[in-house]
file run.txt (compact mmCIF, C-alpha atoms and all ligand atoms)
# COMPACT_ATOMS: atom_id res chain seq x y z
CA MET L 1 75.40 -55.36 -47.58
CA PRO L 2 72.37 -56.38 -45.48
CA LEU L 3 69.00 -55.03 -46.58
CA LEU L 4 67.81 -51.94 -44.73
CA ILE L 5 64.12 -52.55 -44.25
CA LEU L 6 62.29 -49.55 -42.83
CA GLU L 7 58.95 -49.71 -41.05
CA ASN L 8 56.09 -47.25 -41.43
CA GLN L 9 57.99 -45.18 -43.99
CA SER L 10 56.24 -42.10 -45.39
CA LEU L 11 55.82 -42.41 -49.15
CA GLN L 12 55.22 -38.70 -49.68
CA PRO L 13 58.66 -38.16 -51.30
CA PHE L 14 58.18 -41.28 -53.43
CA ASN L 15 55.00 -40.38 -55.38
CA THR L 16 54.65 -37.38 -57.68
CA PHE L 17 51.12 -36.58 -56.44
CA GLY L 18 52.79 -36.09 -53.06
CA PHE L 19 50.12 -38.03 -51.16
CA ASP L 20 51.19 -38.59 -47.58
CA VAL L 21 50.58 -42.29 -47.03
CA SER L 22 53.02 -44.70 -45.44
CA ALA L 23 54.33 -48.17 -46.23
CA ARG L 24 54.21 -50.92 -43.58
CA TYR L 25 57.68 -51.96 -44.81
CA PHE L 26 59.95 -50.17 -47.29
CA VAL L 27 63.23 -51.18 -48.87
CA GLU L 28 65.43 -49.70 -51.57
CA VAL L 29 67.22 -52.34 -53.64
CA ASN L 30 70.44 -51.69 -55.55
CA THR L 31 71.20 -55.16 -56.93
CA VAL L 32 69.32 -58.13 -58.37
CA GLU L 33 70.48 -60.19 -55.35
CA GLN L 34 68.83 -57.67 -53.01
CA ILE L 35 65.54 -58.13 -54.86
CA GLY L 36 65.82 -61.84 -54.04
CA GLU L 37 66.37 -61.01 -50.37
CA ALA L 38 63.41 -58.62 -50.37
CA LEU L 39 61.23 -61.33 -51.93
CA GLN L 40 62.33 -63.72 -49.19
CA PHE L 41 61.51 -61.14 -46.49
CA ALA L 42 58.02 -60.74 -47.96
CA ALA L 43 57.49 -64.50 -48.35
CA ASP L 44 58.51 -65.15 -44.72
CA ARG L 45 55.77 -62.75 -43.57
CA SER L 46 53.19 -63.53 -46.29
CA LEU L 47 53.37 -59.91 -47.37
CA PRO L 48 52.25 -58.69 -50.78
CA LEU L 49 54.71 -56.52 -52.68
CA LEU L 50 54.50 -53.16 -54.40
CA VAL L 51 57.33 -52.43 -56.82
CA LEU L 52 58.07 -48.72 -57.02
CA GLY L 53 60.06 -46.69 -59.50
CA GLU L 54 59.75 -42.92 -59.11
CA GLY L 55 56.03 -43.03 -58.32
CA SER L 56 55.00 -40.90 -61.31
CA ASN L 57 52.23 -43.14 -62.59
CA LEU L 58 50.32 -44.20 -59.53
CA VAL L 59 47.79 -43.02 -56.98
CA LEU L 60 48.65 -44.07 -53.44
CA ALA L 61 45.13 -44.05 -52.07
CA GLU L 62 45.78 -45.28 -48.52
CA ASP L 63 48.58 -46.57 -46.31
CA ILE L 64 50.25 -49.50 -48.06
CA PRO L 65 50.04 -52.64 -45.87
CA GLU L 66 52.77 -54.35 -47.90
CA LEU L 67 56.48 -54.34 -48.57
CA VAL L 68 57.26 -51.49 -50.93
CA VAL L 69 60.37 -52.28 -52.97
CA LYS L 70 61.94 -49.22 -54.53
CA LEU L 71 64.02 -50.22 -57.56
CA ALA L 72 67.31 -48.32 -57.51
CA ILE L 73 69.55 -50.64 -59.55
CA ALA L 74 71.91 -48.50 -61.63
CA GLY L 75 74.06 -49.06 -64.71
CA ILE L 76 74.07 -48.55 -68.48
CA GLU L 77 76.19 -50.63 -70.88
CA VAL L 78 76.52 -51.36 -74.58
CA VAL L 79 75.98 -55.08 -75.15
CA GLU L 80 76.33 -55.25 -78.93
CA GLU L 81 77.14 -52.83 -81.71
CA ASN L 82 78.06 -52.50 -85.35
CA GLN L 83 78.58 -49.45 -87.57
CA GLU L 84 74.88 -48.63 -87.75
CA HIS L 85 73.18 -50.06 -84.69
CA VAL L 86 73.73 -50.53 -80.99
CA LEU L 87 72.05 -52.54 -78.24
CA VAL L 88 72.08 -50.71 -74.91
CA ARG L 89 71.19 -52.41 -71.63
CA ALA L 90 69.97 -50.13 -68.85
CA ALA L 91 69.16 -51.05 -65.27
CA ALA L 92 65.63 -50.59 -63.95
CA GLY L 93 66.49 -47.89 -61.43
CA GLU L 94 68.07 -45.51 -63.95
CA ASN L 95 66.15 -42.27 -64.37
CA TRP L 96 64.45 -42.37 -67.78
CA HIS L 97 65.38 -38.88 -68.96
CA GLY L 98 68.96 -39.31 -67.72
CA PHE L 99 69.16 -42.46 -69.83
CA VAL L 100 67.76 -40.65 -72.90
CA GLN L 101 70.35 -37.90 -72.47
CA TRP L 102 73.19 -40.41 -72.04
CA CYS L 103 72.18 -42.10 -75.32
CA LEU L 104 72.07 -38.77 -77.17
CA GLU L 105 75.52 -37.87 -75.85
CA GLN L 106 76.92 -41.15 -77.21
CA GLY L 107 75.27 -40.58 -80.59
CA TYR L 108 72.70 -43.38 -80.11
CA TYR L 109 69.34 -42.29 -81.51
CA GLY L 110 65.70 -43.30 -81.29
CA LEU L 111 64.69 -42.10 -77.83
CA GLU L 112 64.65 -38.35 -78.42
CA ASN L 113 60.86 -38.03 -78.78
CA LEU L 114 60.54 -39.65 -75.35
CA SER L 115 62.64 -36.96 -73.64
CA LEU L 116 61.66 -35.65 -70.21
CA ILE L 117 59.12 -38.37 -69.37
CA PRO L 118 59.39 -38.77 -65.58
CA GLY L 119 60.16 -42.13 -64.00
CA THR L 120 62.57 -45.02 -64.31
CA VAL L 121 63.80 -47.27 -67.10
CA GLY L 122 62.23 -50.28 -65.34
CA ALA L 123 58.74 -48.78 -65.37
CA ALA L 124 58.92 -47.71 -69.02
CA PRO L 125 57.78 -51.08 -70.45
CA VAL L 126 54.94 -51.34 -67.92
CA GLN L 127 52.74 -48.96 -69.87
CA ASN L 128 54.82 -48.91 -73.05
CA ILE L 129 55.50 -45.21 -72.47
CA GLY L 130 54.76 -43.01 -75.42
CA ALA L 131 54.92 -39.39 -76.49
CA TYR L 132 55.18 -37.28 -79.62
CA GLY L 133 54.54 -40.15 -82.01
CA VAL L 134 56.99 -42.69 -80.54
CA GLU L 135 56.41 -45.55 -78.13
CA LEU L 136 58.89 -47.60 -76.10
CA LYS L 137 58.07 -50.65 -78.24
CA ASP L 138 59.63 -48.90 -81.27
CA VAL L 139 63.11 -49.15 -79.70
CA PHE L 140 62.63 -52.14 -77.38
CA ARG L 141 64.61 -55.37 -77.92
CA TYR L 142 64.08 -57.40 -74.71
CA LEU L 143 63.98 -57.10 -70.96
CA GLU L 144 65.19 -59.11 -67.99
CA ALA L 145 62.88 -59.67 -65.05
CA ILE L 146 62.48 -61.81 -61.97
CA ASP L 147 59.44 -64.03 -62.31
CA ARG L 148 57.88 -63.97 -58.85
CA THR L 149 56.12 -67.29 -59.44
CA THR L 150 59.48 -69.12 -59.75
CA GLY L 151 62.01 -66.64 -58.32
CA LYS L 152 64.04 -67.08 -61.53
CA THR L 153 65.35 -64.46 -63.94
CA VAL L 154 63.65 -64.56 -67.34
CA THR L 155 64.11 -62.73 -70.64
CA LEU L 156 61.00 -61.37 -72.36
CA ASN L 157 60.96 -60.18 -75.96
CA GLN L 158 58.50 -57.89 -77.81
CA ASN L 159 55.93 -60.62 -78.35
CA ALA L 160 56.00 -61.76 -74.75
CA CYS L 161 55.43 -58.21 -73.49
CA CYS L 162 52.25 -57.72 -75.63
CA PHE L 163 52.78 -53.98 -75.98
CA SER L 164 49.89 -51.84 -77.16
CA TYR L 165 48.72 -48.26 -76.61
CA ARG L 166 49.89 -47.44 -73.01
CA GLU L 167 49.55 -51.16 -72.21
CA SER L 168 51.56 -54.35 -71.75
CA ILE L 169 51.25 -57.70 -69.96
CA PHE L 170 52.75 -56.00 -66.90
CA LYS L 171 49.57 -53.94 -66.53
CA GLY L 172 47.32 -56.75 -67.75
CA ALA L 173 47.47 -60.55 -67.64
CA SER L 174 50.79 -60.66 -65.73
CA LYS L 175 50.20 -57.79 -63.33
CA ASN L 176 52.43 -58.16 -60.23
CA ARG L 177 54.19 -61.22 -61.67
CA TYR L 178 57.46 -59.73 -62.92
CA ILE L 179 60.02 -57.40 -61.41
CA ILE L 180 61.82 -55.81 -64.33
CA THR L 181 65.57 -55.50 -63.61
CA HIS L 182 67.02 -54.45 -66.98
CA VAL L 183 65.76 -53.26 -70.36
CA VAL L 184 67.67 -53.62 -73.64
CA PHE L 185 67.10 -51.04 -76.37
CA SER L 186 67.88 -51.22 -80.06
CA LEU L 187 69.14 -47.80 -81.16
CA THR L 188 70.64 -46.41 -84.32
CA LYS L 189 73.82 -44.46 -84.94
CA GLN L 190 72.31 -42.82 -88.02
CA ALA L 191 70.67 -39.51 -87.21
CA SER L 192 67.16 -40.10 -88.54
CA ILE L 193 64.52 -38.03 -86.85
CA ASN L 194 60.76 -38.28 -86.40
CA THR L 195 59.03 -34.90 -86.46
CA SER L 196 55.72 -36.25 -87.78
CA TYR L 197 54.01 -35.18 -84.58
CA GLY L 198 53.04 -31.65 -85.63
CA ALA L 199 54.21 -29.54 -82.70
CA ILE L 200 57.83 -30.78 -82.86
CA ALA L 201 58.65 -29.36 -86.29
CA ALA L 202 57.12 -26.00 -85.37
CA GLU L 203 59.03 -25.90 -82.07
CA ILE L 204 62.37 -26.70 -83.75
CA LYS L 205 61.70 -23.80 -86.08
CA ARG L 206 60.68 -21.49 -83.25
CA LEU L 207 63.86 -22.35 -81.33
CA GLU L 208 65.87 -21.75 -84.54
CA LEU L 209 67.57 -25.16 -84.33
CA ALA L 210 69.00 -27.20 -87.19
CA GLU L 211 67.11 -30.49 -87.51
CA SER L 212 68.89 -33.25 -85.55
CA PRO L 213 68.02 -35.80 -82.84
CA LEU L 214 69.33 -33.33 -80.25
CA ALA L 215 67.06 -30.62 -81.67
CA VAL L 216 64.08 -32.98 -81.43
CA SER L 217 64.93 -33.63 -77.79
CA GLU L 218 65.27 -29.91 -77.07
CA ALA L 219 61.98 -29.16 -78.80
CA VAL L 220 60.17 -31.92 -76.90
CA CYS L 221 61.62 -30.69 -73.58
CA SER L 222 60.61 -27.13 -74.40
CA LEU L 223 57.05 -28.16 -75.32
CA ARG L 224 56.69 -30.31 -72.24
CA ARG L 225 57.99 -27.58 -69.91
CA SER L 226 55.55 -25.07 -71.40
CA LYS L 227 52.49 -27.34 -71.16
CA LEU L 228 52.91 -29.72 -68.26
CA PRO L 229 53.12 -29.04 -64.55
CA ASP L 230 56.46 -30.01 -62.99
CA PRO L 231 55.65 -32.55 -60.24
CA ALA L 232 58.36 -30.92 -58.09
CA GLU L 233 56.15 -27.81 -58.02
CA LEU L 234 52.62 -29.17 -58.44
CA GLY L 235 51.63 -32.75 -57.61
CA ASN L 236 50.45 -34.76 -60.63
CA ALA L 237 50.93 -38.05 -62.48
CA GLY L 238 50.78 -36.75 -66.05
CA SER L 239 47.74 -37.79 -68.08
CA PHE L 240 45.15 -39.15 -65.70
CA PHE L 241 43.09 -40.81 -68.44
CA LYS L 242 44.08 -42.64 -71.60
CA ASN L 243 42.91 -41.35 -74.96
CA PRO L 244 39.88 -43.53 -75.72
CA VAL L 245 39.97 -45.60 -78.89
CA ILE L 246 36.51 -46.20 -80.38
CA ASN L 247 35.25 -47.93 -83.51
CA ASN L 248 34.68 -45.86 -86.64
CA GLU L 249 30.92 -46.41 -86.54
CA GLN L 250 30.63 -44.83 -83.10
CA PHE L 251 32.99 -42.09 -84.28
CA SER L 252 30.81 -41.24 -87.32
CA THR L 253 27.80 -40.85 -85.03
CA LEU L 254 29.76 -38.63 -82.64
CA LEU L 255 31.07 -36.51 -85.50
CA MET L 256 27.51 -35.61 -86.53
CA SER L 257 26.82 -34.09 -83.10
CA PHE L 258 30.35 -32.76 -82.45
CA PRO L 259 31.95 -31.72 -85.76
CA ASP L 260 34.97 -30.17 -83.92
CA ILE L 261 35.83 -33.33 -82.01
CA VAL L 262 39.63 -33.90 -81.90
CA SER L 263 40.50 -37.31 -83.28
CA TYR L 264 43.24 -39.35 -84.97
CA PRO L 265 43.12 -42.59 -86.99
CA ALA L 266 44.07 -45.52 -84.73
CA GLY L 267 44.50 -48.50 -87.04
CA ALA L 268 41.95 -50.78 -88.67
CA GLY L 269 38.41 -49.48 -88.11
CA SER L 270 39.34 -47.44 -85.03
CA THR L 271 39.68 -43.79 -84.08
CA LYS L 272 41.51 -42.25 -81.13
CA LEU L 273 39.83 -39.34 -79.37
CA ALA L 274 41.79 -36.69 -77.45
CA ALA L 275 40.59 -37.27 -73.89
CA GLY L 276 41.80 -33.78 -72.92
CA TRP L 277 39.41 -32.23 -75.46
CA LEU L 278 36.44 -34.28 -74.19
CA ILE L 279 37.15 -33.23 -70.59
CA ASP L 280 37.68 -29.60 -71.56
CA GLN L 281 34.33 -29.58 -73.41
CA CYS L 282 32.65 -30.69 -70.19
CA GLY L 283 34.00 -27.55 -68.53
CA TRP L 284 36.58 -29.12 -66.22
CA LYS L 285 39.78 -27.37 -67.31
CA GLY L 286 41.08 -25.29 -64.39
CA TYR L 287 38.39 -26.61 -62.02
CA ARG L 288 39.52 -26.64 -58.40
CA GLU L 289 37.90 -28.06 -55.29
CA GLY L 290 39.95 -27.54 -52.14
CA GLN L 291 43.46 -28.81 -52.77
CA ILE L 292 42.55 -31.01 -55.74
CA GLY L 293 41.85 -29.92 -59.29
CA VAL L 294 42.22 -30.11 -63.05
CA HIS L 295 45.27 -28.36 -64.46
CA VAL L 296 44.60 -24.91 -65.94
CA HIS L 297 46.46 -25.61 -69.19
CA GLN L 298 45.87 -29.34 -69.66
CA ALA L 299 42.48 -30.88 -68.83
CA LEU L 300 43.96 -34.39 -68.90
CA VAL L 301 46.16 -33.72 -65.87
CA LEU L 302 44.67 -33.86 -62.37
CA VAL L 303 46.66 -32.03 -59.72
CA ASN L 304 47.25 -31.93 -55.97
CA TYR L 305 47.89 -28.33 -54.90
CA GLY L 306 49.40 -29.67 -51.67
CA GLY L 307 47.78 -31.49 -48.78
CA GLY L 308 44.95 -32.86 -50.94
CA SER L 309 43.72 -36.41 -50.45
CA ALA L 310 43.71 -39.31 -52.90
CA ALA L 311 40.06 -39.96 -51.98
CA ASP L 312 39.09 -36.46 -53.15
CA LEU L 313 41.16 -36.87 -56.31
CA LEU L 314 39.53 -40.20 -57.17
CA ALA L 315 36.05 -38.76 -56.44
CA LEU L 316 36.77 -35.88 -58.85
CA ALA L 317 38.05 -38.35 -61.46
CA GLU L 318 34.78 -40.27 -61.16
CA ARG L 319 32.72 -37.10 -61.72
CA ILE L 320 34.82 -36.27 -64.80
CA ARG L 321 34.26 -39.78 -66.17
CA ASP L 322 30.50 -39.48 -65.54
CA SER L 323 30.23 -36.16 -67.35
CA VAL L 324 32.21 -37.40 -70.38
CA ARG L 325 30.06 -40.54 -70.52
CA ASN L 326 26.82 -38.51 -70.28
CA ARG L 327 27.83 -35.97 -72.92
CA PHE L 328 29.70 -38.14 -75.45
CA GLY L 329 28.81 -41.73 -74.55
CA VAL L 330 32.55 -42.41 -74.25
CA GLU L 331 34.16 -44.31 -71.39
CA LEU L 332 37.40 -42.87 -69.97
CA GLU L 333 39.92 -45.29 -68.52
CA MET L 334 42.39 -44.25 -65.83
CA GLU L 335 46.05 -44.40 -66.77
CA PRO L 336 47.83 -44.52 -63.37
CA GLY L 337 47.41 -47.55 -61.12
CA ILE L 338 45.66 -47.26 -57.75
CA TYR L 339 47.35 -48.73 -54.64
CA PRO L 340 46.67 -50.59 -52.49
CA THR L 341 44.81 -52.59 -55.13
CA PRO L 342 41.37 -53.42 -53.71
CA GLY L 343 41.13 -57.15 -52.98
CA ARG L 344 44.76 -57.91 -53.84
CA THR L 345 46.35 -60.85 -52.06
CA GLY L 346 49.92 -61.09 -53.35
P1 LIG S 401 55.95 -45.87 -60.92
O1 LIG S 401 54.91 -44.82 -60.92
O2 LIG S 401 56.82 -45.99 -59.73
O3 LIG S 401 55.26 -47.27 -61.21
C1 LIG S 401 54.30 -47.39 -62.24
C2 LIG S 401 53.86 -48.85 -62.34
O4 LIG S 401 54.94 -49.64 -62.79
C3 LIG S 401 53.45 -49.46 -61.00
O5 LIG S 401 52.44 -50.39 -61.26
C4 LIG S 401 54.70 -50.17 -60.52
O6 LIG S 401 54.42 -51.24 -59.65
C5 LIG S 401 55.27 -50.67 -61.85
N1 LIG S 401 56.74 -50.77 -61.85
C6 LIG S 401 57.62 -49.76 -61.66
N2 LIG S 401 58.88 -50.23 -61.79
C7 LIG S 401 58.78 -51.55 -62.08
C8 LIG S 401 59.74 -52.59 -62.32
N3 LIG S 401 61.04 -52.36 -62.31
N4 LIG S 401 59.26 -53.84 -62.56
C9 LIG S 401 57.93 -54.09 -62.58
N5 LIG S 401 56.99 -53.16 -62.36
C10 LIG S 401 57.41 -51.90 -62.12
N6 LIG S 401 53.81 -41.52 -69.46
C11 LIG S 401 53.89 -41.71 -70.80
O7 LIG S 401 53.72 -42.85 -71.28
N7 LIG S 401 54.13 -40.68 -71.66
C12 LIG S 401 54.33 -39.42 -71.22
O8 LIG S 401 54.58 -38.53 -72.01
C13 LIG S 401 54.25 -39.18 -69.81
N8 LIG S 401 54.37 -37.92 -69.33
C14 LIG S 401 54.27 -37.71 -67.98
C15 LIG S 401 54.40 -36.39 -67.52
C16 LIG S 401 54.31 -36.13 -66.16
C17 LIG S 401 54.45 -34.71 -65.66
C18 LIG S 401 54.13 -37.20 -65.24
C19 LIG S 401 54.08 -36.93 -63.76
C20 LIG S 401 53.96 -38.49 -65.70
C21 LIG S 401 54.04 -38.76 -67.08
N9 LIG S 401 53.88 -40.06 -67.60
C22 LIG S 401 53.99 -40.28 -68.95
C23 LIG S 401 53.64 -41.20 -66.70
C24 LIG S 401 54.96 -41.79 -66.11
O9 LIG S 401 56.00 -40.87 -66.22
C25 LIG S 401 55.37 -43.10 -66.77
O10 LIG S 401 54.35 -44.04 -66.73
C26 LIG S 401 56.63 -43.69 -66.15
O11 LIG S 401 57.09 -44.78 -66.92
C27 LIG S 401 56.42 -44.16 -64.71
O12 LIG S 401 57.69 -44.45 -64.15
P2 LIG S 401 57.89 -44.59 -62.58
O13 LIG S 401 59.27 -45.10 -62.36
O14 LIG S 401 57.55 -43.33 -61.90
O15 LIG S 401 56.84 -45.74 -62.23
P1 LIG S 402 48.89 -32.58 -77.73
O1 LIG S 402 50.05 -32.37 -78.63
O2 LIG S 402 48.17 -31.39 -77.21
O3 LIG S 402 47.86 -33.57 -78.42
C1 LIG S 402 46.65 -33.93 -77.75
C2 LIG S 402 46.38 -35.39 -78.02
O4 LIG S 402 46.21 -35.58 -79.40
C3 LIG S 402 47.53 -36.23 -77.56
O5 LIG S 402 47.08 -36.97 -76.48
C4 LIG S 402 47.92 -37.07 -78.76
O6 LIG S 402 47.75 -38.47 -78.56
C5 LIG S 402 47.00 -36.67 -79.86
N1 LIG S 402 47.81 -36.26 -81.03
C6 LIG S 402 48.31 -35.03 -81.30
N2 LIG S 402 48.96 -35.04 -82.48
C7 LIG S 402 48.87 -36.30 -82.95
C8 LIG S 402 49.32 -36.93 -84.13
N3 LIG S 402 50.01 -36.27 -85.06
N4 LIG S 402 49.05 -38.25 -84.28
C9 LIG S 402 48.37 -38.94 -83.36
N5 LIG S 402 47.92 -38.39 -82.21
C10 LIG S 402 48.15 -37.08 -82.02
O7 LIG S 402 49.36 -33.47 -76.49
P2 LIG S 402 50.10 -33.07 -75.15
O8 LIG S 402 49.17 -33.18 -74.04
O9 LIG S 402 50.87 -31.79 -75.35
O10 LIG S 402 51.14 -34.28 -75.02
C11 LIG S 402 52.19 -34.42 -75.95
C12 LIG S 402 52.65 -35.86 -75.97
O11 LIG S 402 53.15 -36.23 -74.70
C13 LIG S 402 51.54 -36.85 -76.30
O12 LIG S 402 52.05 -37.86 -77.10
C14 LIG S 402 51.12 -37.37 -74.96
O13 LIG S 402 50.66 -38.71 -75.02
C15 LIG S 402 52.43 -37.31 -74.18
N6 LIG S 402 52.13 -37.10 -72.75
C16 LIG S 402 51.75 -38.19 -72.04
C17 LIG S 402 51.48 -38.05 -70.68
C18 LIG S 402 51.11 -39.27 -69.85
O14 LIG S 402 51.12 -39.18 -68.65
N7 LIG S 402 50.80 -40.38 -70.46
C19 LIG S 402 51.57 -36.82 -70.06
C20 LIG S 402 51.94 -35.74 -70.86
C21 LIG S 402 52.22 -35.88 -72.20
P3 LIG S 402 48.86 -39.41 -77.88
O15 LIG S 402 48.72 -39.16 -76.41
O16 LIG S 402 48.43 -40.76 -78.29
O17 LIG S 402 50.21 -39.03 -78.40
call {"tool": "encode", "arguments": {"input": "run.txt", "output": "structure tokens"}}
result
Amino acid sequence: MPLLILENQSLQPFNTFGFDVSARYFVEVNTVEQIGEALQFAADRSLPLLVLGEGSNLVLAEDIPELVVKLAIAGIEVVEENQEHVLVRAAAGENWHGFVQWCLEQGYYGLENLSLIPGTVGAAPVQNIGAYGVELKDVFRYLEAIDRTTGKTVTLNQNACCFSYRESIFKGASKNRYIITHVVFSLTKQASINTSYGAIAAEIKRLELAESPLAVSEAVCSLRRSKLPDPAELGNAGSFFKNPVINNEQFSTLLMSFPDIVSYPAGAGSTKLAAGWLIDQCGWKGYREGQIGVHVHQALVLVNYGGGSAADLLALAERIRDSVRNRFGVELEMEPGIYPTPGRTG
């Protein structure tokens, strides 16, 4: 089927903030071959490319003067299995939560703590999605991607992806280089659950469920629905800032001035601070200015009440960063990407 390339397409339905910007060119791709055709279209016109999943981790700040390629490749298959383990290959355009549910239905475990995270399978490795004590890297085996520098399909394993806390090479050194087409997960058929993240165990109890991977998933969904705004009702991109990781020396100094500071050990010599707590302490929770604001229940989530602008949102984010820096001496880093990327050429 020939590619249907649209011009001046509104991206409002394609980003969870609901910002009304448009793409110079827009195409939805359903096969790996179509990605190749889209790359050729862009190359012929010297157009840069923005790869889009479900738009739940980006800020579309202005009209996008590029070719926006929405990944919609579908398909889930078992590629290897024995009595205890299974390798499942999922296409980039599959909805993440739908994939998690499919795995649970088959009796393939390991993804339950990552239930109800918005977005696609293909975007999941980009920031090594994480929640409730589990990260994508814990169940990741390898991924397939098109390397835009050669046009060839490559396979990247754990080491090549350089996963760390909400990071990978796809956000860092190899930004814009790879288009992820498939991800392969290593899951278990033994029902072993991870409730180490405090709220899960309490929620399973509250819901009167017997402990199981399905119960973990239900508890996580219940917690998320109670705490987080649904982007279908209130524009947002989840956590707007990452939890800052600082060295233990800086942490000891902070602790003297702020004995209630919320923190967690983060590996050798480091401590993770809860960014939501820092922002809340600066008085931002529930703050609203026009159509933009900070969520009433979760200070880490910036929201668009409808009709707000990305410029106003980014200006508010800057003021939040300034106040956290002034009060705590801690630098907040944005989690979603901003597009178009200033100064980008390809
Ligand atoms: P998009 O926003 O479309 O894209 C994100 C980035 O990935 C962009 O840079 C894009 O170019 C790139 N990209 C997308 N697809 C591909 C591909 N196939 N190949 C190469 N690059 C690609 N995140 C968490 O980690 N944990 C959470 O618990 C969590 N909770 C959230 C809750 C809410 C309410 C919301 C709105 C967001 C939350 N997020 C969370 C953020 C978001 O859901 C994830 O980052 C998700 O993986 C983004 O998927 P997406 O398909 O929407 O990606
Ligand atoms: P929460 O339970 O209120 O906890 C606040 C923060 O403290 C979290 O950011 C979490 O860090 C940290 N934390 C809590 N218990 C911890 C533990 N036992 N060990 C280590 N760190 C702990 O968080 P929440 O806002 O309701 O979110 C719940 C989970 O969903 C978190 O894992 C969060 O990352 C994830 N989430 C992510 C996004 C996003 O867009 N990235 C949006 C919503 C929720 P971590 O963030 O490192 O887990």
call {"tool": "residues_near_ligand", "arguments": {"input": "run.txt", "ligand": "ligand LIG 402 (chain S)", "cutoff": "6 Å", "atoms": "all atoms listed in the file", "output": "number ranges by chain"}}
result
L: 130-133, 197-198, 238-239, 264, 274
call {"tool": "write_last_selection", "arguments": {"input": "run.txt", "atoms": "C-alpha atoms", "output": "compact mmCIF listing (two decimals), in the coordinates of the input"}}
result
# COMPACT_ATOMS: atom_id res chain seq x y z
CA GLY L 130 54.76 -43.01 -75.42
CA ALA L 131 54.92 -39.39 -76.49
CA TYR L 132 55.18 -37.28 -79.62
CA GLY L 133 54.54 -40.15 -82.01
CA TYR L 197 54.01 -35.18 -84.58
CA GLY L 198 53.04 -31.65 -85.63
CA GLY L 238 50.78 -36.75 -66.05
CA SER L 239 47.74 -37.79 -68.08
CA TYR L 264 43.24 -39.35 -84.97
CA ALA L 274 41.79 -36.69 -77.45
call {"tool": "axis_aligned_box", "arguments": {"input": "run.txt", "around": "segment 221-234 of chain L", "padding_each_side": "6 Å", "output": "lines of an AutoDock Vina configuration file"}}
result
center_x = 57.1
center_y = -28.8
center_z = -66.7
size_x = 21.1
size_y = 19.5
size_z = 29.3
call {"tool": "residues_near_point", "arguments": {"input": "run.txt", "point": "(43.6, -44.1, -61.1)", "cutoff": "7 Å", "atoms": "only C-alpha atoms", "output": "ChimeraX atom specification"}}
result
/L:58-59,240,314,334-338
call {"tool": "atom_distance", "arguments": {"input": "run.txt", "atom1": "atom CA of Glu28 of chain L", "atom2": "atom CA of Arg141 of chain L"}}
result
27.0 Å
call {"tool": "residues_near_ligand", "arguments": {"input": "run.txt", "ligand": "ligand LIG 401 (chain S)", "cutoff": "7 Å", "atoms": "all atoms listed in the file", "output": "MDAnalysis selection string"}}
result
chainID L and resid 16 50:58 71 92 114 117:124 126:131 166 170:171 178:181 228:231 236:239 337
call {"tool": "atom_distance", "arguments": {"input": "run.txt", "atom1": "atom CA of Ala310 of chain L", "atom2": "atom CA of Ala61 of chain L"}}
result
5.0 Å
call {"tool": "closest_residue", "arguments": {"input": "run.txt", "among": "L:Gln158, L:Pro13, L:Ile64, L:Asp312", "to": "Tyr339 of chain L", "atoms": "only C-alpha atoms"}}
result
L:Ile64
call {"tool": "residues_near_point", "arguments": {"input": "run.txt", "point": "(40.8, -38.1, -88.3)", "cutoff": "12 Å", "atoms": "only C-alpha atoms", "output": "PyMOL selection string"}}
result
chain L and resi 248+251-252+255+259-267+269-274
call {"tool": "residues_around", "arguments": {"input": "run.txt", "residues": "Gln12 of chain L", "least_positions_apart": "3", "cutoff": "8 Å", "atoms": "all atoms listed in the file", "output": "VMD selection string"}}
result
chain L and resid 15 18 to 22
call {"tool": "atom_distance", "arguments": {"input": "run.txt", "atom1": "atom CA of Glu37 of chain L", "atom2": "atom CA of Gly98 of chain L"}}
result
27.9 Å
call {"tool": "closest_atom_pairs", "arguments": {"input": "run.txt", "of": "segment 133-251 of chain L", "to": "segment 40-48 of chain L", "cutoff": "12 Å", "atoms": "all atoms listed in the file", "output": "tab-separated table"}}
result
residue	atom	partner	partner_atom	distance
L:Arg148	CA	L:Ala43	CA	10.5
L:Thr149	CA	L:Ala43	CA	11.5
L:Gly151	CA	L:Gln40	CA	9.6
L:Asn176	CA	L:Pro48	CA	9.5
L:Arg177	CA	L:Pro48	CA	11.3
